[in-house]
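Shown next: my_file_14.cif, containing mmCIF, C-alpha atoms and all ligand atoms.
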data_query
#
loop_
_atom_site.group_PDB
_atom_site.id
_atom_site.type_symbol
_atom_site.label_atom_id
_atom_site.label_comp_id
_atom_site.auth_asym_id
_atom_site.auth_seq_id
_atom_site.Cartn_x
_atom_site.Cartn_y
_atom_site.Cartn_z
ATOM 1 C CA MET A 1 -24.270 168.068 -81.919
ATOM 2 C CA PRO A 2 -26.606 167.177 -84.821
ATOM 3 C CA THR A 3 -25.319 165.048 -87.687
ATOM 4 C CA LEU A 4 -26.546 165.565 -91.229
ATOM 5 C CA TYR A 5 -26.270 162.773 -93.768
ATOM 6 C CA TYR A 6 -26.032 164.285 -97.222
ATOM 7 C CA ALA A 7 -25.244 163.472 -100.841
ATOM 8 C CA VAL A 8 -23.415 165.907 -103.092
ATOM 9 C CA GLY A 9 -25.707 168.533 -104.628
ATOM 10 C CA ALA A 10 -28.867 166.685 -103.516
ATOM 11 C CA CYS A 11 -31.820 168.260 -101.690
ATOM 12 C CA SER A 12 -29.775 167.674 -98.519
ATOM 13 C CA LEU A 13 -27.861 170.789 -99.576
ATOM 14 C CA ALA A 14 -30.777 172.760 -98.066
ATOM 15 C CA PRO A 15 -30.369 171.613 -94.421
ATOM 16 C CA HIS A 16 -26.597 171.724 -94.908
ATOM 17 C CA ILE A 17 -26.896 175.447 -95.733
ATOM 18 C CA VAL A 18 -29.305 176.013 -92.846
ATOM 19 C CA LEU A 19 -26.919 174.384 -90.354
ATOM 20 C CA GLU A 20 -24.214 176.734 -91.597
ATOM 21 C CA TRP A 21 -26.538 179.762 -91.337
ATOM 22 C CA ILE A 22 -27.415 178.768 -87.759
ATOM 23 C CA GLY A 23 -23.728 178.686 -86.880
ATOM 24 C CA ALA A 24 -23.938 176.094 -84.057
ATOM 25 C CA PRO A 25 -21.638 173.027 -84.164
ATOM 26 C CA TYR A 26 -22.794 170.164 -86.399
ATOM 27 C CA GLU A 27 -21.350 167.271 -88.305
ATOM 28 C CA ALA A 28 -21.994 166.575 -91.974
ATOM 29 C CA ILE A 29 -21.423 163.067 -93.335
ATOM 30 C CA LYS A 30 -21.335 162.402 -97.071
ATOM 31 C CA VAL A 31 -23.110 159.184 -98.007
ATOM 32 C CA GLN A 32 -23.696 157.198 -101.173
ATOM 33 C CA TYR A 33 -27.214 156.244 -102.218
ATOM 34 C CA GLY A 34 -27.923 152.636 -101.349
ATOM 35 C CA SER A 35 -24.975 152.441 -98.911
ATOM 36 C CA LYS A 36 -25.287 150.471 -95.662
ATOM 37 C CA GLU A 37 -24.453 153.632 -93.742
ATOM 38 C CA LEU A 38 -27.387 155.523 -95.262
ATOM 39 C CA LEU A 39 -29.816 152.592 -94.975
ATOM 40 C CA SER A 40 -28.928 152.264 -91.288
ATOM 41 C CA VAL A 41 -30.277 155.758 -90.598
ATOM 42 C CA ASN A 42 -32.979 155.939 -93.281
ATOM 43 C CA PRO A 43 -34.580 152.739 -94.588
ATOM 44 C CA ALA A 44 -35.763 154.707 -97.640
ATOM 45 C CA GLY A 45 -32.103 155.097 -98.598
ATOM 46 C CA ALA A 46 -32.646 158.808 -99.157
ATOM 47 C CA VAL A 47 -31.010 162.017 -98.008
ATOM 48 C CA PRO A 48 -31.294 164.178 -96.030
ATOM 49 C CA THR A 49 -31.360 162.466 -92.656
ATOM 50 C CA LEU A 50 -30.629 164.294 -89.413
ATOM 51 C CA ARG A 51 -29.482 162.528 -86.253
ATOM 52 C CA GLU A 52 -29.444 164.149 -82.837
ATOM 53 C CA ASP A 53 -26.993 163.072 -80.102
ATOM 54 C CA ASP A 54 -29.621 161.002 -78.283
ATOM 55 C CA GLY A 55 -30.076 158.913 -81.427
ATOM 56 C CA TRP A 56 -33.289 160.587 -82.622
ATOM 57 C CA LEU A 57 -33.496 160.414 -86.394
ATOM 58 C CA LEU A 58 -35.468 162.777 -88.588
ATOM 59 C CA THR A 59 -36.027 162.273 -92.301
ATOM 60 C CA GLN A 60 -37.903 164.338 -94.913
ATOM 61 C CA CYS A 61 -36.240 167.536 -96.004
ATOM 62 C CA GLY A 62 -39.175 169.822 -95.170
ATOM 63 C CA ALA A 63 -39.512 168.391 -91.653
ATOM 64 C CA ILE A 64 -35.774 168.765 -91.018
ATOM 65 C CA LEU A 65 -35.810 172.382 -92.178
ATOM 66 C CA GLU A 66 -38.815 173.311 -90.063
ATOM 67 C CA TYR A 67 -37.304 171.493 -87.067
ATOM 68 C CA LEU A 68 -34.015 173.388 -87.390
ATOM 69 C CA ALA A 69 -35.847 176.727 -87.682
ATOM 70 C CA ALA A 70 -37.902 175.948 -84.561
ATOM 71 C CA LYS A 71 -34.887 174.641 -82.620
ATOM 72 C CA HIS A 72 -32.914 177.818 -83.322
ATOM 73 C CA PRO A 73 -35.335 180.764 -83.111
ATOM 74 C CA GLU A 74 -32.302 183.033 -82.556
ATOM 75 C CA ALA A 75 -31.283 182.385 -86.174
ATOM 76 C CA GLY A 76 -34.545 183.926 -87.420
ATOM 77 C CA LEU A 77 -34.986 181.411 -90.232
ATOM 78 C CA ALA A 78 -38.638 180.458 -89.655
ATOM 79 C CA GLY A 79 -40.019 183.072 -92.035
ATOM 80 C CA GLY A 80 -41.992 185.034 -89.442
ATOM 81 C CA ASP A 81 -44.264 184.533 -86.433
ATOM 82 C CA GLY A 82 -47.899 183.640 -86.015
ATOM 83 C CA ALA A 83 -50.366 181.175 -87.469
ATOM 84 C CA ARG A 84 -50.330 182.624 -90.968
ATOM 85 C CA ALA A 85 -46.546 182.762 -91.171
ATOM 86 C CA GLU A 86 -46.401 179.130 -90.021
ATOM 87 C CA ALA A 87 -48.982 178.138 -92.600
ATOM 88 C CA GLU A 88 -46.994 179.927 -95.317
ATOM 89 C CA THR A 89 -43.862 178.019 -94.268
ATOM 90 C CA HIS A 90 -45.752 174.687 -94.499
ATOM 91 C CA ARG A 91 -47.282 175.758 -97.792
ATOM 92 C CA TRP A 92 -43.936 176.519 -99.453
ATOM 93 C CA SER A 93 -42.243 173.543 -97.855
ATOM 94 C CA ALA A 94 -44.949 171.329 -99.384
ATOM 95 C CA PHE A 95 -44.562 173.126 -102.699
ATOM 96 C CA PHE A 96 -40.860 172.255 -102.845
ATOM 97 C CA THR A 97 -41.339 168.666 -101.663
ATOM 98 C CA SER A 98 -44.420 167.683 -103.595
ATOM 99 C CA ASP A 99 -44.422 169.945 -106.624
ATOM 100 C CA VAL A 100 -40.886 171.059 -107.477
ATOM 101 C CA HIS A 101 -38.824 168.111 -106.224
ATOM 102 C CA ALA A 102 -41.343 165.653 -107.629
ATOM 103 C CA SER A 103 -41.114 167.276 -111.056
ATOM 104 C CA PHE A 104 -37.393 166.420 -111.182
ATOM 105 C CA TRP A 105 -37.836 162.711 -110.519
ATOM 106 C CA PRO A 106 -38.882 161.903 -114.087
ATOM 107 C CA ILE A 107 -35.809 163.866 -115.249
ATOM 108 C CA PHE A 108 -33.342 162.199 -112.865
ATOM 109 C CA MET A 109 -34.804 158.703 -112.958
ATOM 110 C CA PRO A 110 -37.111 158.200 -115.954
ATOM 111 C CA PHE A 111 -36.834 154.396 -115.553
ATOM 112 C CA ARG A 112 -38.958 154.669 -112.393
ATOM 113 C CA TYR A 113 -41.825 156.128 -114.430
ATOM 114 C CA THR A 114 -42.085 153.748 -117.358
ATOM 115 C CA THR A 115 -41.752 150.019 -117.828
ATOM 116 C CA ASP A 116 -40.828 150.652 -121.465
ATOM 117 C CA ASP A 117 -37.032 150.741 -121.511
ATOM 118 C CA SER A 118 -36.710 152.097 -125.045
ATOM 119 C CA LYS A 119 -34.762 155.319 -125.427
ATOM 120 C CA SER A 120 -37.770 157.149 -126.854
ATOM 121 C CA ALA A 121 -40.070 156.121 -123.974
ATOM 122 C CA ARG A 122 -37.520 157.284 -121.414
ATOM 123 C CA GLN A 123 -37.005 160.542 -123.288
ATOM 124 C CA ALA A 124 -40.774 161.107 -123.274
ATOM 125 C CA VAL A 125 -40.725 160.819 -119.472
ATOM 126 C CA VAL A 126 -37.829 163.276 -119.231
ATOM 127 C CA ASP A 127 -39.696 165.705 -121.510
ATOM 128 C CA ALA A 128 -42.797 165.428 -119.316
ATOM 129 C CA GLY A 129 -40.623 166.212 -116.283
ATOM 130 C CA HIS A 130 -39.267 169.308 -118.034
ATOM 131 C CA LYS A 131 -42.830 170.513 -118.649
ATOM 132 C CA LEU A 132 -43.888 169.895 -115.079
ATOM 133 C CA ALA A 133 -40.789 171.624 -113.666
ATOM 134 C CA ALA A 134 -41.400 174.611 -115.958
ATOM 135 C CA LYS A 135 -44.906 174.953 -114.527
ATOM 136 C CA GLN A 136 -43.564 174.994 -110.961
ATOM 137 C CA PHE A 137 -40.837 177.541 -111.696
ATOM 138 C CA ASP A 138 -43.423 179.747 -113.341
ATOM 139 C CA VAL A 139 -45.483 179.649 -110.111
ATOM 140 C CA LEU A 140 -42.393 180.517 -108.075
ATOM 141 C CA ASN A 141 -41.341 183.254 -110.490
ATOM 142 C CA ARG A 142 -44.725 184.966 -110.176
ATOM 143 C CA HIS A 143 -44.654 184.691 -106.403
ATOM 144 C CA LEU A 144 -41.196 186.282 -106.259
ATOM 145 C CA ASP A 145 -42.249 189.382 -108.170
ATOM 146 C CA GLY A 146 -41.135 192.320 -105.985
ATOM 147 C CA ARG A 147 -39.702 190.052 -103.271
ATOM 148 C CA ASP A 148 -36.147 189.282 -102.218
ATOM 149 C CA TYR A 149 -37.101 186.063 -100.411
ATOM 150 C CA ILE A 150 -39.932 183.545 -100.551
ATOM 151 C CA LEU A 151 -41.524 184.249 -97.150
ATOM 152 C CA ASP A 152 -42.614 187.601 -95.741
ATOM 153 C CA GLY A 153 -40.351 187.264 -92.682
ATOM 154 C CA GLY A 154 -37.112 187.573 -94.685
ATOM 155 C CA ARG A 155 -34.498 184.940 -95.505
ATOM 156 C CA SER A 156 -35.668 181.572 -94.254
ATOM 157 C CA VAL A 157 -35.203 177.823 -94.420
ATOM 158 C CA ILE A 158 -37.550 177.874 -97.417
ATOM 159 C CA ASP A 159 -35.052 179.885 -99.460
ATOM 160 C CA ALA A 160 -32.458 177.253 -98.594
ATOM 161 C CA TYR A 161 -34.953 174.585 -99.740
ATOM 162 C CA SER A 162 -35.311 176.303 -103.108
ATOM 163 C CA PHE A 163 -31.555 176.446 -103.705
ATOM 164 C CA PRO A 164 -30.674 172.872 -104.739
ATOM 165 C CA MET A 165 -33.733 172.812 -107.003
ATOM 166 C CA MET A 166 -32.799 176.079 -108.703
ATOM 167 C CA ARG A 167 -29.348 174.592 -109.306
ATOM 168 C CA TRP A 168 -30.904 171.496 -110.871
ATOM 169 C CA ALA A 169 -33.067 173.730 -113.058
ATOM 170 C CA ILE A 170 -30.046 175.684 -114.309
ATOM 171 C CA LYS A 171 -28.313 172.417 -115.254
ATOM 172 C CA LEU A 172 -31.189 170.286 -116.454
ATOM 173 C CA LEU A 173 -34.037 172.356 -117.882
ATOM 174 C CA PRO A 174 -33.700 173.158 -121.589
ATOM 175 C CA GLY A 175 -33.675 176.922 -120.997
ATOM 176 C CA GLY A 176 -32.277 176.821 -117.466
ATOM 177 C CA LEU A 177 -33.886 179.645 -115.486
ATOM 178 C CA THR A 178 -33.815 182.210 -118.290
ATOM 179 C CA GLU A 179 -37.607 182.398 -118.454
ATOM 180 C CA TYR A 180 -37.800 182.890 -114.686
ATOM 181 C CA PRO A 181 -35.752 186.019 -113.907
ATOM 182 C CA ASN A 182 -37.065 186.386 -110.349
ATOM 183 C CA VAL A 183 -36.063 182.809 -109.616
ATOM 184 C CA GLN A 184 -32.639 183.374 -111.187
ATOM 185 C CA ALA A 185 -32.253 186.480 -108.982
ATOM 186 C CA LEU A 186 -33.109 184.461 -105.857
ATOM 187 C CA HIS A 187 -30.612 181.809 -106.918
ATOM 188 C CA ASP A 188 -27.892 184.432 -107.387
ATOM 189 C CA ARG A 189 -28.696 186.107 -104.062
ATOM 190 C CA ILE A 190 -28.303 182.798 -102.208
ATOM 191 C CA ALA A 191 -25.280 181.694 -104.256
ATOM 192 C CA ASP A 192 -23.472 184.942 -103.341
ATOM 193 C CA ASP A 193 -23.685 184.148 -99.627
ATOM 194 C CA PRO A 194 -20.244 183.125 -98.266
ATOM 195 C CA ALA A 195 -21.864 180.514 -95.993
ATOM 196 C CA VAL A 196 -23.475 178.902 -99.029
ATOM 197 C CA GLN A 197 -20.188 178.961 -100.932
ATOM 198 C CA LYS A 198 -18.507 177.294 -97.962
ATOM 199 C CA VAL A 199 -21.076 174.480 -97.988
ATOM 200 C CA LEU A 200 -20.821 174.019 -101.764
ATOM 201 C CA ALA A 201 -17.038 173.801 -101.479
ATOM 202 C CA ARG A 202 -17.267 171.295 -98.613
ATOM 203 C CA GLU A 203 -19.673 169.130 -100.607
ATOM 204 C CA GLY A 204 -17.533 169.476 -103.719
ATOM 205 C CA ALA A 205 -20.771 170.367 -105.540
ATOM 206 C CA ARG A 206 -20.461 171.811 -109.039
HETATM 207 N N1 LIG B 301 -39.422 163.257 -99.747
HETATM 208 C C1 LIG B 301 -38.036 163.078 -99.406
HETATM 209 C C2 LIG B 301 -37.259 162.788 -100.677
HETATM 210 C C3 LIG B 301 -35.803 162.613 -100.402
HETATM 211 C C4 LIG B 301 -35.084 162.142 -101.643
HETATM 212 O O1 LIG B 301 -35.641 161.401 -102.427
HETATM 213 N N2 LIG B 301 -33.830 162.573 -101.768
HETATM 214 C C5 LIG B 301 -33.052 162.172 -102.906
HETATM 215 C C6 LIG B 301 -31.899 163.144 -103.133
HETATM 216 S S1 LIG B 301 -32.444 164.738 -103.648
HETATM 217 C C7 LIG B 301 -32.505 160.785 -102.678
HETATM 218 O O2 LIG B 301 -31.969 160.525 -101.627
HETATM 219 N N3 LIG B 301 -32.679 159.896 -103.651
HETATM 220 C C8 LIG B 301 -32.198 158.551 -103.590
HETATM 221 C C9 LIG B 301 -33.194 157.595 -104.129
HETATM 222 O O3 LIG B 301 -34.358 157.969 -104.386
HETATM 223 O O4 LIG B 301 -32.826 156.435 -104.298
HETATM 224 C C10 LIG B 301 -37.493 164.331 -98.741
HETATM 225 O O5 LIG B 301 -38.001 165.409 -99.022
HETATM 226 O O6 LIG B 301 -36.576 164.225 -97.928
#

Once you've parsed the file, please lay out its structure as structure tokens.
Amino acid sequence: MPTLYYAVGACSLAPHIVLEWIGAPYEAIKVQYGSKELLSVNPAGAVPTLREDDGWLLTQCGAILEYLAAKHPEAGLAGGDGARAEAETHRWSAFFTSDVHASFWPIFMPFRYTTDDSKSARQAVVDAGHKLAAKQFDVLNRHLDGRDYILDGGRSVIDAYSFPMMRWAIKLLPGGLTEYPNVQALHDRIADDPAVQKVLAREGAR
């Protein structure tokens, strides 16, 4: 049975949702950043980390999501078949890892992006993060025009990947998702899913 190490409301929410969608047995362990338990499975001290019964450890959210989709083809969460569908999955996985997630780092942890510890310098970093995140949600909003899900093959691991980030946007961006109605609609579609509500309740995520 796979074990997922997660932190409340973090990007690890995505594989947590996917494990629930798949419906096979799994264990989910809540960890604190910087804890010995987390460092013992991921020297980067980051979530998510997935451990299989034979001890194999997989880190990086996008890799975990694509692995789970490939391991459980019966769940139909890969976003479609064929070389182009696979490339689209990699493309959007990279978008969430490198473009969207990265735009939140200056907002969550401005001190990592400036050696000036004045309030105004830190606020400038947060503001830059807001701008960068807005650009990424605009890209996603345009892509979602006329679509229910991100990939052509229907609901996929990539929609799960978008979910924690849409939640961060609602809480942390000055206008939330109001300027991105297609993104808000995707958020609401996923949030309405009973499996997603179950995971949010288990995590105690607000
Ligand atoms: N590129 C990694 C980033 C993982 C990551 O940074 N996760 C955050 C939570 S959303 C974390 O664990 N942060 C703790 C830290 O950076 O100290 C991935 O996609 O898995």

6 Å contact set for region 72-86 of chain A, all atoms listed in the file, chain neighbours under 4 positions out, as a ChimeraX atom specification: /A:22,151,153-154,156-157

Tell me, counting all atoms listed in the file, for each residue of region 37-136 of chain A within 10 Å of region 145-150 of chain A, which pair of atoms is nearest and how far apart they are in Å to one decimal, in rows ordered by chain and increasing number, as JSON lines.
{"residue": "A:Gly79", "atom": "CA", "partner": "A:Ile150", "partner_atom": "CA", "distance": 8.5}
{"residue": "A:Glu88", "atom": "CA", "partner": "A:Ile150", "partner_atom": "CA", "distance": 9.5}
{"residue": "A:Thr89", "atom": "CA", "partner": "A:Ile150", "partner_atom": "CA", "distance": 9.2}
{"residue": "A:Trp92", "atom": "CA", "partner": "A:Ile150", "partner_atom": "CA", "distance": 8.2}

Would you give the centre and edge lengths, in Å to one decimal, of a box along x, y and z around the listed atoms of region 40-44 of chain A, with 6 Å added to each side, as AutoDock Vina command-line options?
--center_x -32.3 --center_y 154.1 --center_z -94.1 --size_x 18.8 --size_y 15.7 --size_z 19.0

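Of note, CA of His130 (chain A) and CA of Asp99 (chain A) are spaced 12.5 Å apart.
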
Where does the PyMOL selection byres (((not hetatm)) within 7 of (chain B and resi 301)) land in this file, that is, which residues does it pick, as number ranges by chain? A: 10-12, 33-34, 45-48, 59-62, 97

Tell me which residues come within 10 Å of (-37.0, 168.5, -121.6), as an MDAnalysis selection string, counting all atoms listed in the file in the file's coordinates. chainID A and resid 107 123:134 172:175

Identify, on the basis of all atoms listed in the file, every residue whose closest approach to Arg167 (chain A) does not exceed 10 Å; exclude the query and any residue fewer than 3 positions from it along the same chain; express the result as a PyMOL selection string. chain A and resi 9-10+162-164+170-172+176-177+184+187+191+206

Please provide the set of residues having any atom within 6 Å of Arg51 (chain A), restricted to all atoms listed in the file, with same-chain residues fewer than 6 positions apart removed, written as a PyMOL selection string. chain A and resi 2-3+57

May I have the residues from that selection written out with C-alpha atoms, as a CSV table (one decimal), keeping the file's coordinate frame?
chain,number,residue,atom,x,y,z
A,2,PRO,CA,-26.6,167.2,-84.8
A,3,THR,CA,-25.3,165.0,-87.7
A,57,LEU,CA,-33.5,160.4,-86.4

Calculate how many Å separate CA of Pro181 (chain A) from CA of Ser93 (chain A), rounding to one decimal.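 Separation of CA of Pro181 (chain A) and CA of Ser93 (chain A): 21.3 Å.
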
Just checking: using all atoms listed in the file, which residue out of A:Met109, A:Ala195, A:Leu200, A:Leu19 ends up closest to Tyr67 (chain A)?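 Among A:Met109, A:Ala195, A:Leu200, A:Leu19, it is A:Leu19 that comes nearest to Tyr67 (chain A).
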
Ground truth for the PyMOL selection byres (((chain A and resi 26) around 7) and not hetatm), written as a VMD selection string: chain A and resid 1 to 3 24 to 25 27 to 28

For Thr178 (chain A), which of A:Asp193, A:Asp159, A:Glu203, A:Asp138 is the closest residue, counting all atoms listed in the file? A:Asp138

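The nearest approach to Glu66 (chain A) among the residues A:Ala121, A:Leu144, A:Ala185, A:Pro15, with all atoms listed in the file taken into account, belongs to A:Pro15.
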
Point-to-point distance from CA of Ala63 (chain A) to CA of Phe137 (chain A), Å rounded to tenths: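 We find that CA of Ala63 (chain A) and CA of Phe137 (chain A) lie 22.1 Å from each other.
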
Would you please work out which residue, of A:Val18, A:Val31, A:Ala87, A:Ile190, is nearest to Lys71 (chain A) when using all atoms listed in the file?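 So, comparing all the options, the nearest one is A:Val18.
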
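Among A:Ser35, A:Glu179, A:Arg202, A:Asp192, the residue with the shortest atom-to-atom distance to Leu140 (chain A), counting only C-alpha atoms, is A:Glu179.
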
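Closest approach to Leu65 (chain A) among A:Arg155, A:His101, A:His16, A:Lys135: A:His16, based on only C-alpha atoms.
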